[in-house]
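Novice: Pasting entry_18.cif below, which is mmCIF, C-alpha atoms.
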```cif
data_start
loop_
_atom_site.label_atom_id
_atom_site.label_comp_id
_atom_site.auth_asym_id
_atom_site.auth_seq_id
_atom_site.Cartn_x
_atom_site.Cartn_y
_atom_site.Cartn_z
CA VAL A 496 -19.81 -18.09 -10.43
CA ARG A 497 -17.03 -15.94 -8.93
CA SER A 498 -16.22 -17.89 -5.78
CA MET A 499 -14.96 -21.29 -6.92
CA HIS A 500 -12.41 -23.04 -4.73
CA VAL A 501 -10.35 -26.19 -5.23
CA ARG A 502 -8.23 -27.78 -2.51
CA THR A 503 -4.97 -28.10 -4.44
CA GLY A 504 -2.76 -25.91 -6.58
CA ALA A 505 -1.27 -28.83 -8.56
CA HIS A 506 -2.42 -29.05 -12.18
CA ALA A 507 -3.14 -32.79 -12.33
CA GLU A 508 -4.94 -33.03 -8.99
CA ALA A 509 -7.00 -29.88 -9.57
CA SER A 510 -7.92 -30.94 -13.10
CA TYR A 511 -9.06 -34.32 -11.77
CA ALA A 512 -11.24 -32.62 -9.16
CA MET A 513 -12.82 -30.26 -11.71
CA HIS A 514 -13.50 -33.15 -14.11
CA THR A 515 -14.97 -35.59 -11.58
CA GLY A 516 -15.91 -33.65 -8.45
CA PHE A 517 -13.68 -35.99 -6.41
CA SER A 518 -10.17 -35.72 -5.00
CA MET A 519 -7.64 -38.23 -6.28
CA ARG A 520 -7.58 -41.47 -4.27
CA PRO A 521 -5.00 -44.25 -4.71
CA GLY A 522 -6.51 -47.24 -6.46
CA THR A 523 -9.75 -45.48 -7.40
CA SER A 524 -10.83 -43.84 -10.64
CA HIS A 525 -13.95 -41.67 -10.73
CA PRO A 526 -16.30 -41.07 -13.69
CA HIS A 527 -16.79 -37.87 -15.65
CA MET A 528 -20.24 -36.34 -15.93
CA GLY A 529 -20.92 -38.06 -19.26
CA SER A 530 -20.47 -41.49 -17.67
CA TRP A 531 -22.72 -40.58 -14.74
CA ALA A 532 -25.42 -39.38 -17.16
CA GLN A 533 -25.31 -42.68 -19.03
CA TYR A 534 -25.55 -44.59 -15.75
CA PHE A 535 -28.56 -42.61 -14.51
CA GLN A 536 -30.41 -42.09 -17.77
CA GLY A 537 -29.40 -45.13 -19.81
CA LYS A 538 -27.71 -45.34 -23.17
CA ARG A 539 -29.21 -43.47 -26.07
CA LYS A 540 -30.78 -45.65 -28.78
CA HIS A 541 -28.31 -44.96 -31.57
CA ASP A 542 -24.86 -46.08 -32.70
CA LEU A 543 -23.19 -42.87 -31.52
CA PRO A 544 -21.34 -42.78 -28.18
CA ASP A 545 -23.17 -41.22 -25.26
CA SER A 546 -20.26 -38.94 -24.39
CA VAL A 547 -17.30 -37.55 -26.36
CA ILE A 548 -14.04 -35.90 -25.24
CA VAL A 549 -12.40 -33.62 -27.83
CA ALA A 550 -8.62 -32.99 -27.56
CA GLY A 551 -8.53 -34.26 -23.99
CA GLY A 552 -7.53 -37.92 -24.16
CA ASN A 553 -9.71 -40.71 -22.79
CA PRO A 554 -10.33 -40.60 -19.03
CA GLY A 555 -12.11 -43.95 -19.11
CA PRO A 556 -15.37 -44.84 -17.34
CA GLY A 557 -14.07 -44.53 -13.79
CA PHE A 558 -15.58 -47.27 -11.64
CA PHE A 559 -18.35 -47.96 -14.17
CA THR A 560 -18.24 -50.77 -16.73
CA PRO A 561 -16.46 -50.19 -20.09
CA GLU A 562 -19.56 -49.21 -22.07
CA HIS A 563 -19.73 -46.01 -19.97
CA SER A 564 -16.37 -44.84 -21.35
CA PRO A 565 -16.35 -41.56 -23.32
CA PHE A 566 -15.24 -41.63 -26.93
CA PRO A 567 -12.00 -39.67 -27.56
CA ILE A 568 -11.45 -37.40 -30.58
CA GLY A 569 -7.96 -35.96 -31.03
CA ASP A 570 -8.53 -33.41 -33.81
CA ALA A 571 -11.99 -32.00 -34.50
CA THR A 572 -11.10 -31.24 -38.12
CA LYS A 573 -10.27 -34.91 -38.77
CA GLY A 574 -13.22 -36.40 -36.89
CA ILE A 575 -12.71 -40.15 -36.70
CA ARG A 576 -10.80 -40.50 -39.97
CA ASP A 577 -7.63 -41.46 -38.10
CA LEU A 578 -9.55 -44.18 -36.25
CA LEU A 579 -11.17 -45.83 -39.26
CA PRO A 580 -9.63 -49.07 -40.62
CA LYS A 581 -7.08 -48.49 -43.41
CA ILE A 582 -7.97 -51.82 -45.05
CA PRO A 583 -10.80 -53.01 -47.34
CA LYS A 584 -14.09 -53.60 -45.57
CA ALA A 585 -14.10 -57.33 -46.42
CA ARG A 586 -10.72 -57.83 -44.75
CA PHE A 587 -11.83 -55.75 -41.74
CA ASN A 588 -14.94 -57.93 -41.33
CA LYS A 589 -12.83 -61.09 -41.61
CA ARG A 590 -10.53 -59.89 -38.83
CA VAL A 591 -13.48 -58.99 -36.62
CA LYS A 592 -14.97 -62.46 -37.14
CA LEU A 593 -11.66 -64.07 -36.22
CA ALA A 594 -11.37 -61.94 -33.09
CA ARG A 595 -14.88 -62.94 -32.05
CA GLN A 596 -13.99 -66.63 -32.41
CA PHE A 597 -11.07 -66.16 -30.00
CA ALA A 598 -13.26 -64.25 -27.56
CA GLU A 599 -16.17 -66.68 -27.48
CA SER A 600 -14.35 -69.39 -25.55
CA PHE A 601 -13.12 -66.88 -22.97
CA GLU A 602 -16.64 -65.51 -22.50
CA TYR A 603 -17.98 -69.07 -22.17
CA PHE A 604 -15.60 -70.05 -19.36
CA PHE A 605 -15.78 -66.66 -17.63
CA PRO A 606 -19.46 -65.63 -17.78
CA HIS A 607 -18.96 -62.58 -15.58
CA GLU A 608 -20.85 -59.32 -15.99
CA ASP A 609 -17.66 -57.30 -16.47
CA VAL A 610 -16.54 -59.62 -19.29
CA LYS A 611 -19.93 -59.27 -20.95
CA ALA A 612 -19.79 -55.47 -20.55
CA TYR A 613 -16.40 -55.34 -22.26
CA SER A 614 -17.65 -57.61 -25.04
CA ASP A 615 -20.72 -55.42 -25.58
CA PHE A 616 -18.51 -52.33 -25.68
CA TYR A 617 -16.28 -54.02 -28.28
CA LYS A 618 -19.28 -54.95 -30.43
CA GLN A 619 -20.61 -51.41 -30.27
CA THR A 620 -17.22 -49.97 -31.27
CA VAL A 621 -16.95 -52.32 -34.27
CA LYS A 622 -20.47 -51.41 -35.34
CA PHE A 623 -19.65 -47.73 -34.96
CA LEU A 624 -16.45 -47.89 -37.01
CA SER A 625 -17.97 -49.97 -39.81
CA GLY A 626 -21.24 -48.03 -40.19
CA ASP A 627 -22.44 -44.59 -41.11
CA ALA A 628 -22.00 -43.16 -37.62
CA ALA A 629 -18.84 -41.36 -38.74
CA GLU A 630 -20.86 -38.68 -40.57
CA PRO A 631 -21.79 -36.61 -37.48
CA PHE A 632 -18.06 -36.23 -36.72
CA ASP A 633 -17.33 -34.63 -40.11
CA ILE A 634 -17.43 -30.84 -39.61
CA SER A 635 -16.38 -30.30 -43.24
CA LYS A 636 -20.09 -30.70 -44.00
CA GLU A 637 -20.79 -27.45 -42.15
CA PRO A 638 -20.95 -24.23 -44.24
CA GLY A 639 -17.63 -22.44 -44.57
CA ASN A 640 -19.01 -19.14 -43.26
CA LEU A 641 -20.23 -20.88 -40.08
CA ARG A 642 -16.86 -22.51 -39.52
CA ASN A 643 -15.24 -19.09 -39.86
CA GLN A 644 -17.65 -17.63 -37.31
CA TYR A 645 -16.48 -20.19 -34.76
CA GLY A 646 -12.82 -19.56 -35.60
CA ASN A 647 -10.02 -21.63 -37.07
CA HIS A 648 -8.14 -22.82 -33.99
CA PRO A 649 -8.57 -26.40 -32.69
CA PHE A 650 -10.71 -25.28 -29.74
CA ASP A 651 -12.98 -23.27 -32.05
CA GLN A 652 -13.53 -26.19 -34.40
CA GLY A 653 -13.99 -28.48 -31.39
CA CYS A 654 -16.91 -26.35 -30.22
CA LEU A 655 -18.48 -26.58 -33.68
CA LEU A 656 -18.07 -30.36 -33.54
CA ALA A 657 -19.67 -30.35 -30.08
CA ARG A 658 -22.75 -28.55 -31.43
CA ARG A 659 -22.95 -30.99 -34.33
CA LEU A 660 -22.72 -34.02 -32.02
CA VAL A 661 -25.30 -32.72 -29.54
CA GLU A 662 -27.63 -32.02 -32.46
CA LYS A 663 -27.23 -35.67 -33.54
CA GLY A 664 -28.04 -37.02 -30.08
CA VAL A 665 -24.76 -37.20 -28.14
CA ARG A 666 -25.59 -36.36 -24.53
CA TYR A 667 -22.29 -34.95 -23.24
CA VAL A 668 -19.31 -33.37 -25.04
CA GLU A 669 -16.19 -31.89 -23.48
CA VAL A 670 -13.82 -29.70 -25.54
CA LYS A 671 -10.38 -28.93 -24.16
CA SER A 672 -8.41 -25.91 -25.30
CA ARG A 673 -4.94 -26.84 -26.53
CA ARG A 674 -3.72 -23.26 -26.25
CA SER A 675 -1.84 -22.55 -23.05
CA TRP A 676 -3.55 -20.34 -20.49
CA ASP A 677 -0.65 -21.04 -18.11
CA SER A 678 0.51 -17.49 -17.37
CA MET A 679 2.87 -18.44 -14.55
CA HIS A 680 6.04 -17.69 -16.49
CA GLY A 681 5.41 -14.42 -18.27
CA GLY A 682 2.33 -15.33 -20.26
CA THR A 683 0.13 -12.51 -18.98
CA GLY A 684 0.59 -10.57 -22.20
CA GLN A 685 -1.18 -13.32 -24.15
CA LEU A 686 -4.36 -13.24 -22.06
CA ASN A 687 -6.14 -10.56 -24.10
CA ALA A 688 -5.79 -12.61 -27.29
CA LEU A 689 -6.83 -15.81 -25.50
CA ALA A 690 -9.86 -14.11 -23.97
CA ASP A 691 -10.87 -12.64 -27.33
CA GLU A 692 -10.72 -16.10 -28.91
CA LEU A 693 -12.76 -17.69 -26.13
CA ASP A 694 -15.33 -14.90 -26.17
CA GLY A 695 -15.77 -15.08 -29.94
CA THR A 696 -16.06 -18.87 -30.04
CA VAL A 697 -18.52 -19.12 -27.15
CA SER A 698 -20.58 -16.29 -28.63
CA ALA A 699 -20.72 -18.15 -31.97
CA LEU A 700 -21.67 -21.38 -30.20
CA MET A 701 -24.50 -19.75 -28.24
CA THR A 702 -25.80 -17.94 -31.32
CA ASP A 703 -25.69 -21.14 -33.37
CA LEU A 704 -27.53 -23.11 -30.66
CA ARG A 705 -30.15 -20.38 -30.27
CA GLU A 706 -30.84 -20.16 -33.99
CA ARG A 707 -31.35 -23.95 -34.10
CA GLY A 708 -33.69 -23.92 -31.10
CA MET A 709 -31.18 -25.92 -29.04
CA LEU A 710 -29.89 -23.41 -26.47
CA GLU A 711 -32.74 -23.89 -23.99
CA ARG A 712 -31.93 -27.63 -23.76
CA THR A 713 -28.13 -27.47 -24.03
CA MET A 714 -26.02 -26.38 -21.05
CA ILE A 715 -22.64 -24.75 -21.69
CA VAL A 716 -20.03 -24.86 -18.91
CA ILE A 717 -16.68 -23.03 -19.12
CA THR A 718 -14.08 -23.63 -16.45
CA SER A 719 -10.42 -24.28 -15.68
CA GLU A 720 -8.72 -26.32 -12.97
CA PHE A 721 -7.97 -23.21 -10.87
CA GLY A 722 -7.33 -19.49 -11.28
CA ARG A 723 -4.34 -17.14 -11.17
CA THR A 724 -3.30 -14.61 -8.56
CA SER A 725 -4.24 -10.97 -9.10
CA LYS A 726 -0.63 -9.99 -8.40
CA VAL A 727 1.66 -10.02 -11.45
CA LYS A 728 5.25 -11.11 -10.78
CA GLY A 729 8.35 -9.41 -12.09
CA ASN A 730 8.57 -11.77 -15.06
CA GLY A 731 5.02 -10.89 -16.11
CA GLY A 732 3.54 -14.11 -14.80
CA ARG A 733 0.96 -15.01 -12.15
CA ASP A 734 1.01 -17.89 -9.68
CA HIS A 735 -1.45 -20.75 -9.25
CA HIS A 736 -4.55 -19.64 -7.35
CA PRO A 737 -6.95 -22.37 -6.20
CA ASN A 738 -8.53 -20.18 -3.53
CA GLY A 739 -10.95 -18.05 -5.53
CA PHE A 740 -11.60 -18.26 -9.28
CA SER A 741 -14.50 -18.18 -11.72
CA CYS A 742 -16.50 -20.44 -14.00
CA ALA A 743 -19.38 -19.62 -16.34
CA LEU A 744 -22.59 -21.46 -17.22
CA ALA A 745 -25.26 -20.70 -19.81
CA GLY A 746 -28.09 -22.26 -21.73
CA GLY A 747 -30.32 -25.17 -20.69
CA GLY A 748 -31.32 -25.22 -17.03
CA ILE A 749 -29.40 -22.04 -16.17
CA LYS A 750 -30.80 -18.73 -14.96
CA GLY A 751 -28.54 -16.33 -16.86
CA GLY A 752 -27.62 -12.68 -16.45
CA GLN A 753 -26.22 -12.89 -12.93
CA ALA A 754 -22.97 -13.19 -11.00
CA ILE A 755 -22.96 -15.45 -7.95
CA GLY A 756 -20.35 -15.24 -5.20
CA ALA A 757 -17.41 -12.88 -4.67
CA THR A 758 -13.87 -12.67 -3.34
CA ASN A 759 -12.04 -9.96 -1.44
CA GLU A 760 -9.92 -7.26 -3.08
CA LYS A 761 -7.02 -9.71 -3.45
CA GLY A 762 -9.14 -12.39 -5.09
CA ARG A 763 -9.19 -14.55 -1.97
CA GLU A 764 -11.72 -15.64 0.67
CA PRO A 765 -14.43 -16.79 -1.75
CA ASP A 766 -17.93 -16.26 -0.34
CA PRO A 767 -19.89 -18.44 -0.56
CA LYS A 768 -17.21 -21.04 -1.23
CA PHE A 769 -18.17 -23.46 -4.02
CA GLU A 770 -16.11 -26.59 -4.68
CA PRO A 771 -15.97 -28.74 -7.84
CA LYS A 772 -18.46 -31.17 -6.31
CA ASP A 773 -20.99 -28.33 -5.98
CA LEU A 774 -20.55 -27.46 -9.65
CA HIS A 775 -21.06 -31.13 -10.57
CA ALA A 776 -24.15 -31.37 -8.37
CA THR A 777 -25.56 -28.31 -10.14
CA ILE A 778 -25.00 -29.78 -13.61
CA ALA A 779 -26.33 -33.18 -12.54
CA THR A 780 -29.46 -31.65 -11.02
CA ALA A 781 -30.16 -29.69 -14.20
CA MET A 782 -29.76 -32.94 -16.18
CA GLY A 783 -32.33 -34.69 -14.02
CA MET A 784 -29.97 -36.89 -11.99
CA ASN A 785 -30.53 -37.72 -8.33
CA VAL A 786 -27.48 -36.36 -6.53
CA GLU A 787 -28.55 -38.15 -3.33
CA LYS A 788 -28.61 -41.61 -4.91
CA ARG A 789 -25.86 -43.82 -3.52
CA PHE A 790 -23.76 -45.89 -5.92
CA HIS A 791 -21.84 -48.95 -4.70
CA PRO A 792 -18.90 -49.92 -6.94
CA LYS A 793 -18.79 -53.62 -7.73
CA GLY A 794 -16.18 -55.58 -5.87
CA GLY A 795 -16.31 -53.31 -2.84
CA GLY A 796 -15.01 -49.81 -2.32
CA ARG A 797 -16.55 -46.71 -0.87
CA PRO A 798 -20.13 -45.79 -1.77
CA SER A 799 -20.18 -42.80 -4.10
CA PHE A 800 -22.55 -40.09 -5.26
CA VAL A 801 -22.62 -38.30 -8.60
CA GLY A 802 -19.89 -35.67 -8.67
CA GLY A 803 -18.85 -36.22 -5.05
CA ARG A 804 -22.20 -35.38 -3.38
CA GLY A 805 -21.95 -31.64 -3.48
CA LYS A 806 -24.76 -29.15 -2.95
CA PRO A 807 -26.43 -27.77 -6.11
CA ILE A 808 -26.05 -24.02 -6.56
CA MET A 809 -29.79 -23.43 -6.62
CA ASP A 810 -29.51 -19.72 -7.53
CA LEU A 811 -28.04 -20.84 -10.86
CA LEU A 812 -30.91 -23.10 -11.81
CA ALA A 813 -33.87 -21.79 -13.75
#
```
Let me see whether you can do it: turn the structure in this file into structure tokens.
Specialist:
Amino acid sequence: VRSMHVRTGAHAEASYAMHTGFSMRPGTSHPHMGSWAQYFQGKRKHDLPDSVIVAGGNPGPGFFTPEHSPFPIGDATKGIRDLLPKIPKARFNKRVKLARQFAESFEYFFPHEDVKAYSDFYKQTVKFLSGDAAEPFDISKEPGNLRNQYGNHPFDQGCLLARRLVEKGVRYVEVKSRRSWDSMHGGTGQLNALADELDGTVSALMTDLRERGMLERTMIVITSEFGRTSKVKGNGGRDHHPNGFSCALAGGGIKGGQAIGATNEKGREPDPKFEPKDLHATIATAMGMNVEKRFHPKGGGRPSFVGGRGKPIMDLLA
């Protein structure tokens, strides 16, 4: 898609819009696509989280209850080793039992749905950390030659982890690149190397998915918060450019081999203009979600639609 547009040139605000489909609003937090998918399609019947964020922090569940929160992984090569208890299992279980005793009285006197949701989320997390669910997060079990095909940078290994998690039943995985694509202050010379890395990793991911028979049911989305101007400044950098940039989609639900939209010779005036909410509506539609279904946050607030109620880019969908 060559005619993306976001309404702000500020990193945080644009990143929020690309992640949620919504603009930032004071006092409101919006869900990522993984949380929406869990809300619409229910939680998968396994101990693994429904959605995982690799190297991107934990955005939380937005206005959904805590069990819709994505699971954060800092370093794909470490999996959840840094999160596992550093004490004997017997002592860990004793502490969990003690914590439950403290919580029971609170839950008794405050039998609210939100309290129960948090308690259920806590129980699931304890079960996850004390069981065998850590194995899918261990990419050291993958053959060395396959790991080399993906590459040895954090983003590369994160994409390998994403394939491994999707194969095990995780519905949604986001992998953030830790390498800086910010070419505002003279970084243009690094773009060839960055593009080569991205191209090689995505190619390895698509090949791996295809060979496992997973590509036709796994959608890959590659995007940034905004683009960069076509004009290079004197210091070798390029300015923020929210008015006309690209994203790429492949795999499950996508009709590949085409370019949709265009800009003028200066990279401006995107036509047709697609906003983050339209991208979210496209992904949601391919995943089987009803983008016209209204959601009312508990406790009041504005009614919301998945991804901001955009219009699906139908030419993209197979």
Novice: Please measure the separation of CA of Ser614 (chain A) and CA of Lys584 (chain A), giving the value in Å to one decimal.
Specialist: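 So the two atoms, CA of Ser614 (chain A) and CA of Lys584 (chain A), lie 21.2 Å apart.
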Novice: Suppose you want the space between CA of His525 (chain A) and CA of Arg576 (chain A); what is it in Å?
Specialist: 29.4 Å
Novice: The PyMOL selection byres ((chain A and resi 727) around 12) on the file shown: which residues, as a ChimeraX atom specification?
Specialist: /A:678-684,723-726,728-735,761
Novice: Check what the PyMOL selection byres ((chain A and resi 501) around 8) selects in the file above and give those residues as a list in words.
Specialist: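 Taken on the displayed file, the PyMOL selection byres ((chain A and resi 501) around 8) yields the residues Met499, His500, Arg502, Thr503, Gly504, Ala509, Ala512, Glu720, Phe721, Pro737, Asn738, Glu770 and Pro771 of chain A.
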Novice: Can you pull out every residue within 8 Å of region 778-782 of chain A, counting all atoms listed in the file, but drop anything in the same chain fewer than 5 positions away, and send it as a PyMOL selection string?
Specialist: chain A and resi 528+532+747-749+801-802+807+812
Novice: Evaluate the PyMOL selection byres ((chain A and resi 571-573) around 7) on the structure here and hand back the selected residues as a list in words.
Specialist: Val549, Ile568, Gly569, Asp570, Gly574, Ile575, Arg576, Ile634, Pro649, Gln652, Gly653 and Leu656 of chain A
Novice: Padding of 3 Å on every side, edges along x, y and z, all listed atoms of region 632-635 of chain A included: what centre and edge lengths in Å, to one decimal, does that box have, as AutoDock Vina command-line options?
Specialist:
```
--center_x -17.2 --center_y -33.3 --center_z -40.0 --size_x 7.7 --size_y 11.9 --size_z 12.5
```
